[in-house]
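Asker: Below you'll find the structure I mean.
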Amino acid sequence: MRFVFRSVLLSLSFGFLLGSPAIAGGSNDLVTIYIPAFNGPRELGLNVATVLNLQIWRTLRMAAEHKTFGRGLVVWETQPLTSQSFESADELARVGLDLSDGKRVYPQLVFWGNTREFGGGIVVECFLSIPPSYTGNARDKWAVTIHKDGIDHHIHADLPQRRYEFSTITLSKDLVDTYSKPTALQIYPTRDAKYPIGSVGKTYEARQQLDGWVLLESDGLVGWVPLPKLSKNRNELVDFVGGVIRILRSDWNGANALFEKVVRNAQAPSALKVDALLYQVMAKSKAGQNPEETLQLVRHLAPFYRATTMYSVMSKLDAMSRTASEGHPNKGTKTIIQQIETELSDGQQLFLPDDPWLTAVIQLLHTLRTG
Amino acid sequence: MQLPHSWKTHCLIGLLTIACLCPPLAASSEENSSRFVSKHGLPGVIVFIHGLTGNSKTTWGNQEENVYWPDLIASDSQLNNYFDVYVVNYLSPLFTRAQSIEELTTQLLSELNDAKLFEQYKSVVLIAHSMGGLVAKNMLIKLNTPGEVKKLRQVKTIIYMGTPAQGARGAWWLQWFSWDPQVKDLLPADTNTFLQGIDNNWRQLIDERNRLGEMFPKSFCAYETHRTKGVPIVDRTSAQTWCDSEMQGMPYNHVEIVKPARRDGDVRYEWTRARILQAVPVSSPTITESVCDRSTRIQSVQDNLRPRVRVSVFKHGGSQEAFGQVLGLIKDRLINIRDKLSDPKDGERQYLSTLTECIMDGSLTVDEHTRQRFWDDTYSLELIDGVVFQQPSGDARARSTIYLGALGGNFKQVALDIRVSPDTFGTIKDLYSLATIYALLMDAKRLQKPVAVRLHYLHTALTLSKDIRSPTDDIKQLQKVLKEEAQILKAKRAP
């Protein structure tokens, strides 16, 4: 994983993490995330975003058995978004980012936020935008292909949502005092060293993580940085953002594990839990597991949610596609079609009449029946 | 006690005071009773309270112009669509035995309660002359108890016209000629513990009002600058008390100060009317024209088919800094709601993009009638009215009302009362969001938008409502309404 400081012409080497700077190459596991400094008091916003950035990065190891973090790019900006809104985050992703090495990237994720004075303390608001893919890369969709009579029928379901808000983090006074200083994130030569050798500068490259510490290189210094907990309770944002990144990298088991943490987090907002469950439905389906139990939970929590119906149908289509690819093209097809029709009948009012996904599924069902 | 330097002079003052305070002519017994001058079931009432030796008729009547002040108000188009008018009468003879101010206070309070003024009217305005101001002030002090404070807040303003808050010098001499204990109650405050007590309690009441971030009651004070038959009755020093604006000197004597000759061009009337409207801005043209553009107002039937997009935020009193923090939260919330609900698949993007254009700072009375009118006039989605104030402990507390007008059906407003601290940030955010999304849902229903759009809002609101910990009664009610709405839409979903 590489961190790029956009404002300075600088090209960092990827070391063992990336191997090649072919950012726009479209490799399967490449995910670009843009993290501008958080809005708010200058150093505090910057340092809080740095800590969250590194915490998210720690979740990116592709799977427990792999030592690689996979290919990824974190575009790091010391200035906050000019306008604190999802729209402006999406617009930024549409236009793209010019890196210091002259390349232009289009982030799939924008993680942004505010540090805000409120009621005598400081609170941190965090948001995640998953902008629509403007470059034609359809990895941010649940795609299923059904083969019928020599023709491939493609169905794409969009992500449940593309704009997320996380529970607020309240910073303790100690943390505010500490992270309001530019030298807040200190680098130690070893994890048990008493004295730091410097502090994290505006650019850095993270290399390794171990027990709450990150090994990184910044401004020529290589050393360990302890990552503090920003809140007493485990915040769901790191798990959720990490889960989304894994979904975009098709790391289904990894995604499932991280979203499970979100679901089990008592502090997480209900809206996030619902979507975490839906991502789990997707991940389980893709991993060949039965997602029905998870679907039951979502139906109970969000009966009026369009994505609940969509993901339920998609899981059934996925199962149908998988069975066919295993050499049993007609096994259980009739039953699945009936189940999907019931599902659509119940949930039809959740969709506008010209909804493209609904239209495509109805058309597919018609083809499957008549065929 | 130090006697005045000139016995003769002060005897003269006492006698002239008697002459000044004597009622000119006795009115009929019907006119000399407490009564409604106009009663149309309006939201507010203006109550006239006369002073020593006065009565409900002669005190307020200008014989030369044949004008009666309560009648002027009852026919004033700026006031008469909001206020009924009530005049109080009580016995106040100069020489014979009567009730003390304390007793009159109890009587006045009973009378207003018996007349169900506090039950019938949301806004009460008191106009009091001379000693009547002390009776009224004492009544408000008595209402400043946990059980009665609601009534106190219903009194939007008290207007003191020549009220001797610090006593009247003439009373020192009058006491030798009069059996009326009211006269003794009017002795100069430096030797009058009764007046000292009232004034101290009044200051305490105002301090408490300000500390709690309450707006009401407001108080305004006027005094006469002319002598009455050569004698100063209630001059600036005598009238001195806590007032919400500079004391107003009026170029009249003690009797004339409450006898306006006409509505326009008469400072007595115009100043009083302006103070009433300052406390209760019953007509809002100045507000509506100063904010946003007028295109938000309904010009035709087609206009009524437009979505409501305007959100107005009003501030009144309290801590500027803390309010700024809450206002910042509300503004960001609206942008956030707009962005999160703006799913292009729903065709709602443009509609919601205008949601935040009409946020404003300003002040609006908490009176519901005015809100209703403002909400109608400006074609609003919701009005957010609130105050953030510091508690004695140093914590800030936000008290706010989110007014949804007709959109809410029977559920017109959501009241919030919550400590402002980093720990409650998320809850405050969710509460404002929930009310706004509910308003959008109900507006979508009014406009008969596709069920898919309404379900999208409903899902968002229901999910959000699950995260609100320790919901207030209002929020519980809102959650109930959302569930009912879900049942209705669910029925529509059934094949």
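Naming scheme: A, B, ... for chains in displayed order of the structure tokens; residues 1 onward per chain; ligands 1 onward as shown.
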Could I get the residues of chain B with an atom no further than 10 Å from an atom of chain A, each paired with its nearest atom pair and that distance in Å to one decimal, using only C-alpha atoms, sorted by chain and residue number, as a tab-separated table?
Answerer:
residue	atom	partner	partner_atom	distance
B:Glu321	CA	A:Gly119	CA	9.6
B:Ala322	CA	A:Gly119	CA	6.8
B:Phe323	CA	A:Gly119	CA	9.8
B:Gly324	CA	A:Phe118	CA	9.5
B:Gln325	CA	A:Phe118	CA	6.0
B:Val326	CA	A:Phe118	CA	7.8
B:Gly328	CA	A:Arg116	CA	9.6
B:Leu329	CA	A:Phe118	CA	9.0
B:Asp332	CA	A:Gln84	CA	8.3
B:Ile335	CA	A:Ser85	CA	6.9
B:Asn336	CA	A:Ser85	CA	6.8
B:Arg338	CA	A:Phe86	CA	9.5
B:Asp339	CA	A:Phe86	CA	6.1
B:Lys340	CA	A:Arg163	CA	6.2
B:Leu341	CA	A:Arg163	CA	9.4
B:Ser342	CA	A:Glu87	CA	9.7
B:Asp343	CA	A:Gln161	CA	8.9
B:Lys345	CA	A:Asp355	CA	7.2
B:Asp346	CA	A:Leu352	CA	7.0
B:Gly347	CA	A:Leu352	CA	9.2
B:Gly394	CA	A:Gly120	CA	9.5
B:Asp395	CA	A:Gly119	CA	7.5
B:Ala396	CA	A:Gly119	CA	6.6
B:Arg397	CA	A:Gly119	CA	8.8
B:Arg419	CA	A:Gly119	CA	8.4
B:Val420	CA	A:Gly119	CA	5.0
B:Ser421	CA	A:Gly119	CA	3.9
B:Pro422	CA	A:Gly121	CA	5.6
B:Asp423	CA	A:Thr170	CA	6.7
B:Thr424	CA	A:Gly119	CA	8.7
B:Phe425	CA	A:Phe118	CA	7.4
B:Gly426	CA	A:Thr168	CA	6.0
B:Thr427	CA	A:Thr168	CA	9.7
B:Lys429	CA	A:Thr168	CA	9.8
B:Pro450	CA	A:Leu352	CA	7.3
B:Val451	CA	A:Gln349	CA	6.2
B:Ala452	CA	A:Leu350	CA	4.5
B:Val453	CA	A:Leu352	CA	7.8
B:Arg454	CA	A:Leu350	CA	8.9
B:Leu455	CA	A:Phe304	CA	6.1
B:His456	CA	A:Tyr305	CA	6.8
B:Tyr457	CA	A:Phe304	CA	9.4
B:Leu458	CA	A:Phe304	CA	7.5
B:His459	CA	A:Phe304	CA	5.4
B:Thr460	CA	A:Ala271	CA	7.8
B:Ala461	CA	A:Ala271	CA	9.9
B:Leu462	CA	A:Ala302	CA	8.5
B:Thr463	CA	A:Ala271	CA	5.9
B:Leu464	CA	A:Ser270	CA	6.8
B:Ser465	CA	A:Ser270	CA	8.9
B:Lys466	CA	A:Ser270	CA	6.8
B:Asp467	CA	A:Pro269	CA	6.2
B:Ile468	CA	A:Pro269	CA	9.6
B:Ala486	CA	A:Phe304	CA	8.3
B:Leu489	CA	A:Gln349	CA	9.1
B:Lys490	CA	A:Phe304	CA	8.5
B:Lys492	CA	A:Gln349	CA	8.1
B:Arg493	CA	A:Gln349	CA	5.9
B:Ala494	CA	A:Asp346	CA	6.9
B:Pro495	CA	A:Ser345	CA	7.4
Asker: Please return, as a PyMOL selection string, all residues of range 119-316 of chain B that DSSP assigns to strand (DSSP E) on the basis of the backbone.
Answerer: chain B and resi 123-129+155-161+218-224+248-250+310-315
Asker: How many Å separate CA of Gly198 in chain A from CA of Ile35 in chain A?
Answerer: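 Taking CA of Gly198 in chain A and CA of Ile35 in chain A, their separation equals 23.2 Å.
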Asker: Between CA of Trp242 in chain B and CA of Asp199 in chain B, what distance in Å does the model show, to one decimal?
Answerer: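 According to the coordinates, CA of Trp242 in chain B and CA of Asp199 in chain B are separated by 8.3 Å.
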Asker: Quick one: distance from CA of Leu258 in chain A to CA of Asp275 in chain A in Å, one decimal?
Answerer: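 For CA of Leu258 in chain A relative to CA of Asp275 in chain A, the distance reads 12.5 Å.
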Asker: Which neighbours of Thr472 in chain B fall inside 9 Å, counting only C-alpha atoms, when residues of the same chain fewer than 3 positions from it are skipped, and could you give them as a CSV table (one decimal) with C-alpha atoms, in the first residue's frame?
Answerer:
chain,number,residue,atom,x,y,z
B,415,ALA,CA,-39.7,19.7,20.9
B,416,LEU,CA,-36.1,19.0,21.9
B,417,ASP,CA,-34.5,19.8,25.2
B,475,ILE,CA,-39.8,11.2,19.5
B,476,LYS,CA,-41.8,8.2,20.7
B,477,GLN,CA,-44.9,9.8,19.2
Asker: Find the spatial neighbours of Met247 in chain B, counting only C-alpha atoms, within a cut-off of 9 Å - ignore same-chain residues fewer than 6 positions away - and output them as number ranges by chain.
Answerer: B: 220-223, 236, 239-240
Asker: Would you save the residues of that selection, restricted to C-alpha atoms, as a JSON list (two decimals), in the first residue's frame?
Answerer:
[["chain", "number", "residue", "atom", "x", "y", "z"],
["B", 220, "PHE", "CA", -40.91, 47.78, 28.65],
["B", 221, "CYS", "CA", -41.14, 50.95, 30.69],
["B", 222, "ALA", "CA", -42.39, 54.47, 29.99],
["B", 223, "TYR", "CA", -42.55, 57.44, 32.34],
["B", 236, "ARG", "CA", -37.61, 58.67, 35.56],
["B", 239, "ALA", "CA", -40.08, 54.47, 37.35],
["B", 240, "GLN", "CA", -36.63, 52.87, 37.41]]
Asker: Do you know which residues are at most 8 Å from range 262-277 of chain B counting only C-alpha atoms, after dropping those on the same chain fewer than 4 positions away, and could you put them as a VMD selection string?
Answerer: chain B and resid 67 72 76 125 157 159 220 250 257 to 258 281 to 282
Asker: So that I can see what lies close to range 37-41 of chain B, please list as a ChimeraX atom specification the residues with an atom at most 8 Å from it, counting only C-alpha atoms and leaving out residues fewer than 5 positions away in the same chain.
Answerer: /B:70-71,74,84-87,120
Asker: Next, the residues of the selection above should be written as an mmCIF file, in the first residue's frame with N, CA and C atoms.
Answerer:
data_model
loop_
_atom_site.group_PDB
_atom_site.id
_atom_site.type_symbol
_atom_site.label_atom_id
_atom_site.label_comp_id
_atom_site.auth_asym_id
_atom_site.auth_seq_id
_atom_site.Cartn_x
_atom_site.Cartn_y
_atom_site.Cartn_z
ATOM 1 N N PRO B 70 -58.440 50.964 24.774
ATOM 2 C CA PRO B 70 -58.757 49.567 24.408
ATOM 3 C C PRO B 70 -59.538 49.465 23.089
ATOM 4 N N ASP B 71 -60.389 50.450 22.831
ATOM 5 C CA ASP B 71 -61.120 50.429 21.556
ATOM 6 C C ASP B 71 -60.179 50.660 20.375
ATOM 7 N N ALA B 74 -58.666 47.428 19.667
ATOM 8 C CA ALA B 74 -59.635 46.465 19.110
ATOM 9 C C ALA B 74 -59.925 46.739 17.641
ATOM 10 N N ASP B 84 -57.436 39.689 21.358
ATOM 11 C CA ASP B 84 -58.640 40.199 21.994
ATOM 12 C C ASP B 84 -58.194 41.230 23.025
ATOM 13 N N VAL B 85 -59.171 41.964 23.585
ATOM 14 C CA VAL B 85 -58.807 43.007 24.546
ATOM 15 C C VAL B 85 -59.647 42.840 25.813
ATOM 16 N N TYR B 86 -58.978 42.925 26.936
ATOM 17 C CA TYR B 86 -59.633 42.735 28.224
ATOM 18 C C TYR B 86 -59.219 43.886 29.135
ATOM 19 N N VAL B 87 -60.190 44.484 29.846
ATOM 20 C CA VAL B 87 -59.841 45.540 30.807
ATOM 21 C C VAL B 87 -60.167 45.063 32.214
ATOM 22 N N GLN B 120 -57.454 30.166 27.635
ATOM 23 C CA GLN B 120 -57.952 30.527 26.308
ATOM 24 C C GLN B 120 -56.889 31.105 25.400
#
Asker: Of the candidates A:Val110, A:Ala287, A:Ile197, A:Val48, which shows the shortest atom-to-atom distance to Glu91 in chain A, using only C-alpha atoms?
Answerer: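 The closest residue to Glu91 in chain A is A:Val110.
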Asker: Excluding range 137-149 of chain A and its own-chain neighbours fewer than 4 positions away, which residues fall within 6 Å of it when counting only C-alpha atoms? Please give them as number ranges by chain.
Answerer: A: 133, 153-159, 248, 318, 321
Asker: Go ahead and save the residues from that selection, with N, CA, C and O atoms, as an mmCIF file, in the first residue's frame.
Answerer:
data_model
loop_
_atom_site.group_PDB
_atom_site.id
_atom_site.type_symbol
_atom_site.label_atom_id
_atom_site.label_comp_id
_atom_site.auth_asym_id
_atom_site.auth_seq_id
_atom_site.Cartn_x
_atom_site.Cartn_y
_atom_site.Cartn_z
ATOM 1 N N SER A 133 -18.528 4.676 -10.648
ATOM 2 C CA SER A 133 -17.304 4.465 -11.424
ATOM 3 C C SER A 133 -17.397 5.242 -12.729
ATOM 4 O O SER A 133 -18.190 4.909 -13.603
ATOM 5 N N HIS A 153 -26.604 -13.489 -20.088
ATOM 6 C CA HIS A 153 -27.454 -12.392 -19.580
ATOM 7 C C HIS A 153 -26.798 -11.829 -18.333
ATOM 8 O O HIS A 153 -26.583 -12.560 -17.365
ATOM 9 N N HIS A 154 -26.478 -10.554 -18.392
ATOM 10 C CA HIS A 154 -25.773 -9.927 -17.259
ATOM 11 C C HIS A 154 -26.742 -9.105 -16.410
ATOM 12 O O HIS A 154 -27.504 -8.290 -16.948
ATOM 13 N N ILE A 155 -26.675 -9.329 -15.142
ATOM 14 C CA ILE A 155 -27.466 -8.510 -14.213
ATOM 15 C C ILE A 155 -26.490 -7.831 -13.247
ATOM 16 O O ILE A 155 -25.645 -8.495 -12.643
ATOM 17 N N HIS A 156 -26.628 -6.520 -13.100
ATOM 18 C CA HIS A 156 -25.757 -5.769 -12.177
ATOM 19 C C HIS A 156 -26.613 -5.098 -11.113
ATOM 20 O O HIS A 156 -27.552 -4.383 -11.445
ATOM 21 N N ALA A 157 -26.258 -5.353 -9.895
ATOM 22 C CA ALA A 157 -26.935 -4.615 -8.808
ATOM 23 C C ALA A 157 -25.943 -3.617 -8.227
ATOM 24 O O ALA A 157 -24.781 -3.953 -7.970
ATOM 25 N N ASP A 158 -26.428 -2.408 -8.043
ATOM 26 C CA ASP A 158 -25.549 -1.369 -7.491
ATOM 27 C C ASP A 158 -25.260 -1.674 -6.012
ATOM 28 O O ASP A 158 -25.948 -2.488 -5.387
ATOM 29 N N LEU A 159 -24.285 -1.000 -5.468
ATOM 30 C CA LEU A 159 -24.026 -1.134 -4.036
ATOM 31 C C LEU A 159 -25.255 -0.625 -3.283
ATOM 32 O O LEU A 159 -26.005 0.210 -3.807
ATOM 33 N N LEU A 248 -14.418 -4.350 -2.962
ATOM 34 C CA LEU A 248 -13.952 -3.847 -4.260
ATOM 35 C C LEU A 248 -12.775 -4.672 -4.784
ATOM 36 O O LEU A 248 -12.511 -4.700 -5.976
ATOM 37 N N ASP A 318 -27.195 -15.546 -8.223
ATOM 38 C CA ASP A 318 -25.806 -15.980 -8.085
ATOM 39 C C ASP A 318 -25.746 -17.494 -7.881
ATOM 40 O O ASP A 318 -24.897 -18.192 -8.473
ATOM 41 N N SER A 321 -26.459 -19.191 -11.115
ATOM 42 C CA SER A 321 -25.307 -19.099 -12.009
ATOM 43 C C SER A 321 -24.212 -20.091 -11.599
ATOM 44 O O SER A 321 -23.610 -20.765 -12.446
#
